[in-house]
>>> print(open('data_13.cif').read())   # mmCIF, C-alpha atoms, pLDDT in the B column; chains and numbers go by the auth columns
data_data
#
loop_
_atom_site.group_PDB
_atom_site.id
_atom_site.type_symbol
_atom_site.label_atom_id
_atom_site.label_comp_id
_atom_site.label_asym_id
_atom_site.label_seq_id
_atom_site.Cartn_x
_atom_site.Cartn_y
_atom_site.Cartn_z
_atom_site.B_iso_or_equiv
_atom_site.auth_seq_id
_atom_site.auth_asym_id
ATOM 1 C CA MET A 1 115.661 102.977 99.162 79.00 1 A
ATOM 2 C CA ALA A 2 112.388 101.198 100.077 88.00 2 A
ATOM 3 C CA ALA A 3 108.787 102.137 99.332 89.00 3 A
ATOM 4 C CA ALA A 4 105.167 101.044 99.058 88.00 4 A
ATOM 5 C CA THR A 5 102.068 102.592 97.495 88.00 5 A
ATOM 6 C CA LEU A 6 98.479 101.636 98.257 85.00 6 A
ATOM 7 C CA GLU A 7 94.938 102.907 97.891 84.00 7 A
ATOM 8 C CA ILE A 8 92.303 102.686 100.601 82.00 8 A
ATOM 9 C CA GLY A 9 88.904 103.989 99.624 78.00 9 A
ATOM 10 C CA LYS A 10 89.405 107.386 98.024 79.00 10 A
ATOM 11 C CA VAL A 11 92.882 107.917 99.471 84.00 11 A
ATOM 12 C CA ALA A 12 96.243 107.059 97.847 86.00 12 A
ATOM 13 C CA ILE A 13 99.094 106.529 100.314 89.00 13 A
ATOM 14 C CA THR A 14 102.818 106.375 99.569 92.00 14 A
ATOM 15 C CA VAL A 15 105.395 105.352 102.184 93.00 15 A
ATOM 16 C CA ARG A 16 109.119 105.860 101.456 94.00 16 A
ATOM 17 C CA LEU A 17 112.074 105.045 103.676 94.00 17 A
ATOM 18 C CA SER A 18 115.559 106.290 102.873 93.00 18 A
ATOM 19 C CA PHE A 19 118.876 106.166 104.688 92.00 19 A
ATOM 20 C CA ASP A 20 121.716 108.661 104.925 93.00 20 A
ATOM 21 C CA GLY A 21 125.235 108.007 106.139 92.00 21 A
ATOM 22 C CA ALA A 22 127.927 105.381 105.829 89.00 22 A
ATOM 23 C CA LEU A 23 128.202 101.769 106.912 88.00 23 A
ATOM 24 C CA TYR A 24 131.225 99.607 107.406 89.00 24 A
ATOM 25 C CA ALA A 25 130.921 96.541 105.148 86.00 25 A
ATOM 26 C CA CYS A 26 133.169 93.516 105.470 86.00 26 A
ATOM 27 C CA ARG A 27 133.138 90.406 103.265 82.00 27 A
ATOM 28 C CA ARG A 28 134.700 87.131 104.374 80.00 28 A
ATOM 29 C CA PRO A 29 136.192 85.905 102.093 75.00 29 A
ATOM 30 C CA PRO A 30 136.708 89.104 100.066 70.00 30 A
ATOM 31 C CA GLY A 31 134.527 89.282 96.957 64.00 31 A
ATOM 32 C CA VAL A 32 133.596 91.422 93.995 65.00 32 A
ATOM 33 C CA VAL A 33 132.654 94.950 95.134 66.00 33 A
ATOM 34 C CA GLU A 34 129.610 95.235 92.819 65.00 34 A
ATOM 35 C CA ARG A 35 128.191 91.977 94.194 72.00 35 A
ATOM 36 C CA MET A 36 128.894 93.140 97.744 75.00 36 A
ATOM 37 C CA GLU A 37 126.946 96.362 97.106 77.00 37 A
ATOM 38 C CA ALA A 38 123.922 94.429 95.843 78.00 38 A
ATOM 39 C CA GLU A 39 124.064 92.015 98.777 83.00 39 A
ATOM 40 C CA ALA A 40 124.439 94.916 101.239 82.00 40 A
ATOM 41 C CA LEU A 41 121.321 96.575 99.828 82.00 41 A
ATOM 42 C CA ASP A 42 119.408 93.302 100.095 83.00 42 A
ATOM 43 C CA LEU A 43 120.565 92.817 103.675 84.00 43 A
ATOM 44 C CA LEU A 44 119.762 96.403 104.705 84.00 44 A
ATOM 45 C CA SER A 45 116.296 96.412 103.095 85.00 45 A
ATOM 46 C CA LYS A 46 115.179 92.899 104.058 84.00 46 A
ATOM 47 C CA GLY A 47 111.785 92.773 105.759 86.00 47 A
ATOM 48 C CA LEU A 48 111.315 96.493 106.365 92.00 48 A
ATOM 49 C CA PHE A 49 107.923 97.032 108.023 92.00 49 A
ATOM 50 C CA VAL A 50 106.262 100.319 109.015 93.00 50 A
ATOM 51 C CA SER A 51 103.298 100.684 111.366 92.00 51 A
ATOM 52 C CA GLY A 52 101.616 103.507 113.247 90.00 52 A
ATOM 53 C CA ILE A 53 101.662 105.867 110.258 88.00 53 A
ATOM 54 C CA ASP A 54 98.584 107.604 111.673 84.00 54 A
ATOM 55 C CA THR A 55 100.416 108.495 114.896 86.00 55 A
ATOM 56 C CA PRO A 56 103.146 110.985 115.863 87.00 56 A
ATOM 57 C CA VAL A 57 105.513 108.047 116.449 91.00 57 A
ATOM 58 C CA ALA A 58 105.687 105.655 113.496 92.00 58 A
ATOM 59 C CA THR A 59 107.371 102.309 114.154 92.00 59 A
ATOM 60 C CA VAL A 60 109.950 100.971 111.686 94.00 60 A
ATOM 61 C CA THR A 61 111.358 97.453 112.002 91.00 61 A
ATOM 62 C CA GLY A 62 113.486 95.229 109.798 87.00 62 A
ATOM 63 C CA ALA A 63 114.059 91.497 109.557 81.00 63 A
ATOM 64 C CA ALA A 64 117.777 92.056 110.128 77.00 64 A
ATOM 65 C CA GLY A 65 117.060 93.582 113.552 79.00 65 A
ATOM 66 C CA HIS A 66 118.069 97.186 112.876 87.00 66 A
ATOM 67 C CA ARG A 67 117.296 99.547 115.764 91.00 67 A
ATOM 68 C CA PHE A 68 115.203 102.512 114.653 94.00 68 A
ATOM 69 C CA VAL A 69 114.918 105.489 117.022 95.00 69 A
ATOM 70 C CA GLN A 70 112.650 108.308 115.878 95.00 70 A
ATOM 71 C CA GLN A 71 113.844 111.841 116.642 96.00 71 A
ATOM 72 C CA SER A 72 111.191 114.009 114.996 96.00 72 A
ATOM 73 C CA ALA A 73 107.878 114.066 113.154 93.00 73 A
ATOM 74 C CA GLU A 74 106.457 117.004 111.270 92.00 74 A
ATOM 75 C CA PHE A 75 103.705 117.835 108.818 88.00 75 A
ATOM 76 C CA GLU A 76 104.922 118.584 105.296 85.00 76 A
ATOM 77 C CA PRO A 77 102.305 120.615 103.447 80.00 77 A
ATOM 78 C CA PRO A 78 100.305 119.836 101.482 79.00 78 A
ATOM 79 C CA ASP A 79 100.191 116.054 101.644 83.00 79 A
ATOM 80 C CA GLY A 80 102.534 114.401 104.100 87.00 80 A
ATOM 81 C CA ARG A 81 104.187 113.671 107.352 90.00 81 A
ATOM 82 C CA LEU A 82 107.938 113.291 107.689 95.00 82 A
ATOM 83 C CA TYR A 83 109.570 111.179 110.394 96.00 83 A
ATOM 84 C CA ARG A 84 113.331 111.327 110.986 97.00 84 A
ATOM 85 C CA GLY A 85 115.625 109.386 113.234 96.00 85 A
ATOM 86 C CA MET A 86 118.651 107.154 113.592 97.00 86 A
ATOM 87 C CA CYS A 87 119.074 103.498 112.680 94.00 87 A
ATOM 88 C CA GLY A 88 121.696 101.266 114.262 94.00 88 A
ATOM 89 C CA VAL A 89 122.848 98.491 111.933 92.00 89 A
ATOM 90 C CA GLY A 90 124.762 95.413 113.020 90.00 90 A
ATOM 91 C CA VAL A 91 123.975 92.420 110.848 88.00 91 A
ATOM 92 C CA SER A 92 125.757 89.505 109.162 86.00 92 A
ATOM 93 C CA ARG A 93 124.647 87.043 106.503 85.00 93 A
ATOM 94 C CA ASN A 94 126.573 84.714 104.195 84.00 94 A
ATOM 95 C CA GLY A 95 129.939 86.211 105.142 85.00 95 A
ATOM 96 C CA LEU A 96 128.846 89.838 104.725 87.00 96 A
ATOM 97 C CA THR A 97 128.784 92.070 107.812 89.00 97 A
ATOM 98 C CA LEU A 98 127.281 95.570 107.944 90.00 98 A
ATOM 99 C CA THR A 99 127.777 97.832 110.957 92.00 99 A
ATOM 100 C CA GLY A 100 127.193 101.501 111.666 93.00 100 A
ATOM 101 C CA ILE A 101 124.617 104.154 112.396 94.00 101 A
ATOM 102 C CA LEU A 102 122.538 105.718 109.641 93.00 102 A
ATOM 103 C CA GLY A 103 120.067 108.555 109.616 95.00 103 A
ATOM 104 C CA TYR A 104 116.662 107.607 108.281 95.00 104 A
ATOM 105 C CA ARG A 105 113.841 109.556 106.665 96.00 105 A
ATOM 106 C CA LEU A 106 110.336 108.082 106.534 96.00 106 A
ATOM 107 C CA GLU A 107 107.882 109.950 104.310 95.00 107 A
ATOM 108 C CA VAL A 108 104.158 109.220 104.472 93.00 108 A
ATOM 109 C CA ARG A 109 102.162 110.932 101.723 90.00 109 A
ATOM 110 C CA ALA A 110 98.359 110.822 101.570 86.00 110 A
ATOM 111 C CA GLU A 111 96.333 112.377 98.791 84.00 111 A
ATOM 112 C CA TRP A 112 93.010 111.897 97.111 81.00 112 A
ATOM 113 C CA ALA A 113 92.928 109.017 94.636 78.00 113 A
ATOM 114 C CA ARG A 114 91.541 109.581 91.132 72.00 114 A
ATOM 115 C CA ARG A 115 88.138 108.229 92.131 68.00 115 A
ATOM 116 C CA ALA A 116 87.828 110.891 94.882 67.00 116 A
ATOM 117 C CA GLY A 117 86.945 113.539 92.329 67.00 117 A
ATOM 118 C CA ASP A 118 88.075 117.133 92.592 72.00 118 A
ATOM 119 C CA CYS A 119 88.993 117.401 96.285 73.00 119 A
ATOM 120 C CA GLY A 120 91.581 119.974 97.273 71.00 120 A
ATOM 121 C CA PRO A 121 94.630 119.256 99.430 73.00 121 A
ATOM 122 C CA PRO A 122 94.521 119.868 103.191 74.00 122 A
ATOM 123 C CA GLY A 123 95.852 123.218 104.368 74.00 123 A
ATOM 124 C CA ASN A 124 97.470 122.203 107.637 77.00 124 A
ATOM 125 C CA ALA A 125 98.416 119.240 109.843 78.00 125 A
ATOM 126 C CA ALA A 126 95.067 119.113 111.673 81.00 126 A
ATOM 127 C CA GLU A 127 93.103 119.109 108.406 80.00 127 A
ATOM 128 C CA TRP A 128 95.412 116.424 106.966 78.00 128 A
ATOM 129 C CA CYS A 129 94.727 114.230 110.024 78.00 129 A
ATOM 130 C CA ASP A 130 90.974 114.891 109.773 79.00 130 A
ATOM 131 C CA LEU A 131 90.825 114.032 106.069 78.00 131 A
ATOM 132 C CA PHE A 132 93.198 111.041 105.979 81.00 132 A
ATOM 133 C CA GLY A 133 93.505 109.845 109.587 79.00 133 A
ATOM 134 C CA GLY A 134 90.784 107.180 109.311 79.00 134 A
ATOM 135 C CA GLU A 135 92.356 105.552 106.266 80.00 135 A
ATOM 136 C CA LEU A 136 95.840 105.741 107.776 81.00 136 A
ATOM 137 C CA ALA A 137 94.571 104.232 111.062 82.00 137 A
ATOM 138 C CA SER A 138 93.016 101.313 109.180 82.00 138 A
ATOM 139 C CA ILE A 139 96.466 100.231 107.986 83.00 139 A
ATOM 140 C CA GLY A 140 98.008 97.804 110.453 81.00 140 A
ATOM 141 C CA GLY A 141 101.366 98.014 108.747 86.00 141 A
ATOM 142 C CA VAL A 142 103.107 98.319 105.408 89.00 142 A
ATOM 143 C CA VAL A 143 105.853 96.048 104.098 88.00 143 A
ATOM 144 C CA LEU A 144 108.348 98.063 102.100 90.00 144 A
ATOM 145 C CA ARG A 145 110.275 96.758 99.144 86.00 145 A
ATOM 146 C CA ARG A 146 113.626 97.808 97.778 82.00 146 A
ATOM 147 C CA SER A 147 113.340 100.628 95.270 74.00 147 A
ATOM 148 C CA SER A 148 116.776 102.076 94.456 54.00 148 A
ATOM 149 C CA VAL A 149 120.507 101.525 94.374 46.00 149 A
ATOM 150 C CA LEU A 150 122.828 101.662 97.372 43.00 150 A
ATOM 151 C CA SER A 151 126.354 102.874 96.865 42.00 151 A
ATOM 152 C CA LEU A 152 129.022 101.740 99.279 41.00 152 A
ATOM 153 C CA GLY A 153 132.162 103.822 99.341 41.00 153 A
ATOM 154 C CA THR A 154 135.419 103.828 101.175 37.00 154 A
ATOM 155 C CA PRO A 155 135.144 105.872 104.380 40.00 155 A
ATOM 156 C CA PRO A 156 137.430 108.940 104.549 38.00 156 A
#
>>> encode(input="data_13.cif", output="structure tokens")
Amino acid sequence: MAAATLEIGKVAITVRLSFDGALYACRRPPGVVERMEAEALDLLSKGLFVSGIDTPVATVTGAAGHRFVQQSAEFEPPDGRLYRGMCGVGVSRNGLTLTGILGYRLEVRAEWARRAGDCGPPGNAAEWCDLFGGELASIGGVVLRRSSVLSLGTPP
């Protein structure tokens, strides 16, 4: 749904945030469904900011004021850390209201950039932190941008 890619020194970092679940969307006055889907995606992804990607508890915030609560963090061999949690959504703009609770998945991938030469991937979480922790710590935060399509359906 939203992502960013950057290089710091010899390390390439990719941050991806995706959501899972259903939201209640209401348009006043009623409008075209396709336009509502595009506006809902814009509203949900507006101003997404991630910080603390070098820590066990990454912080995710959004301009719309979503409430992100992390539930887990784990190393994903060979190149990443995966954070999971819940996101409470309750936002309105220009007659469109979104409400509900979504699951979220934040993936942080770090690997050697092309200019790093022939360095192998880390073998475990401690080695990953040793190799990439300094570069990850130097990032104050990452602004994510919308990267895919949201599909709003009728709840069962």
>>> atom_distance(input="data_13.cif", atom1="atom CA of Arg146 of chain A", atom2="atom CA of Ala125 of chain A")
28.9 Å
>>> residues_around(input="data_13.cif", residues="segment 70-78 of chain A", least_positions_apart="5", cutoff="9 Å", atoms="only C-alpha atoms", output="PyMOL selection string")
chain A and resi 56-60+83-87+104+109+111+121-125+128
>>> residues_around(input="data_13.cif", residues="segment 136-141 of chain A", least_positions_apart="3", cutoff="9 Å", atoms="all atoms listed in the file", output="number ranges by chain")
A: 8, 13, 49-55, 110, 129, 132-133
>>> closest_residue(input="data_13.cif", among="A:Gly62, A:Lys10, A:Thr99, A:Leu106", to="Ala22 of chain A", atoms="only C-alpha atoms")
A:Thr99
>>> closest_residue(input="data_13.cif", among="A:Arg81, A:Arg145, A:Arg105, A:Arg114", to="Leu48 of chain A", atoms="all atoms listed in the file")
A:Arg145
>>> resolve_selection(input="data_13.cif", expression="the PyMOL selection byres ((chain A and resi 38-45) around 8)", output="list of chain:residue names")
A:Met1, A:Ala2, A:Ala25, A:Glu34, A:Arg35, A:Met36, A:Glu37, A:Lys46, A:Gly47, A:Leu48, A:Gly62, A:Ala64, A:Val91, A:Arg93, A:Leu96, A:Leu98, A:Arg145, A:Arg146, A:Val149, A:Leu150
>>> write_last_selection(input="data_13.cif", atoms="C-alpha atoms", output="CSV table (one decimal), keeping the file's coordinate frame")
chain,number,residue,atom,x,y,z
A,1,MET,CA,115.7,103.0,99.2
A,2,ALA,CA,112.4,101.2,100.1
A,25,ALA,CA,130.9,96.5,105.1
A,34,GLU,CA,129.6,95.2,92.8
A,35,ARG,CA,128.2,92.0,94.2
A,36,MET,CA,128.9,93.1,97.7
A,37,GLU,CA,126.9,96.4,97.1
A,46,LYS,CA,115.2,92.9,104.1
A,47,GLY,CA,111.8,92.8,105.8
A,48,LEU,CA,111.3,96.5,106.4
A,62,GLY,CA,113.5,95.2,109.8
A,64,ALA,CA,117.8,92.1,110.1
A,91,VAL,CA,124.0,92.4,110.8
A,93,ARG,CA,124.6,87.0,106.5
A,96,LEU,CA,128.8,89.8,104.7
A,98,LEU,CA,127.3,95.6,107.9
A,145,ARG,CA,110.3,96.8,99.1
A,146,ARG,CA,113.6,97.8,97.8
A,149,VAL,CA,120.5,101.5,94.4
A,150,LEU,CA,122.8,101.7,97.4
>>> closest_residue(input="data_13.cif", among="A:Ala4, A:Val69, A:Leu23, A:Ala126", to="Thr97 of chain A", atoms="all atoms listed in the file")
A:Leu23
>>> closest_residue(input="data_13.cif", among="A:Asn94, A:Ser147, A:Thr5, A:Thr61", to="Pro29 of chain A", atoms="only C-alpha atoms")
A:Asn94
>>> resolve_selection(input="data_13.cif", expression="the PyMOL selection byres ((chain A and resi 19) around 6)", output="ChimeraX atom specification")
/A:18,20,103-104
>>> atom_distance(input="data_13.cif", atom1="atom CA of Asp118 of chain A", atom2="atom CA of Val142 of chain A")
27.3 Å
>>> closest_residue(input="data_13.cif", among="A:Ala63, A:Asp79, A:Cys26, A:Gly21", to="Gly120 of chain A", atoms="all atoms listed in the file")
A:Asp79
>>> resolve_selection(input="data_13.cif", expression="the PyMOL selection byres ((chain A and resi 67) around 6)", output="list in words")
His66, Phe68, Cys87 and Gly88 of chain A
>>> atom_distance(input="data_13.cif", atom1="atom CA of Gly80 of chain A", atom2="atom CA of Ile101 of chain A")
25.7 Å
>>> axis_aligned_box(input="data_13.cif", around="segment 52-66 of chain A", padding_each_side="4 Å", output="JSON")
{"center_x": 108.3, "center_y": 101.2, "center_z": 113.0, "size_x": 27.5, "size_y": 27.5, "size_z": 14.9}
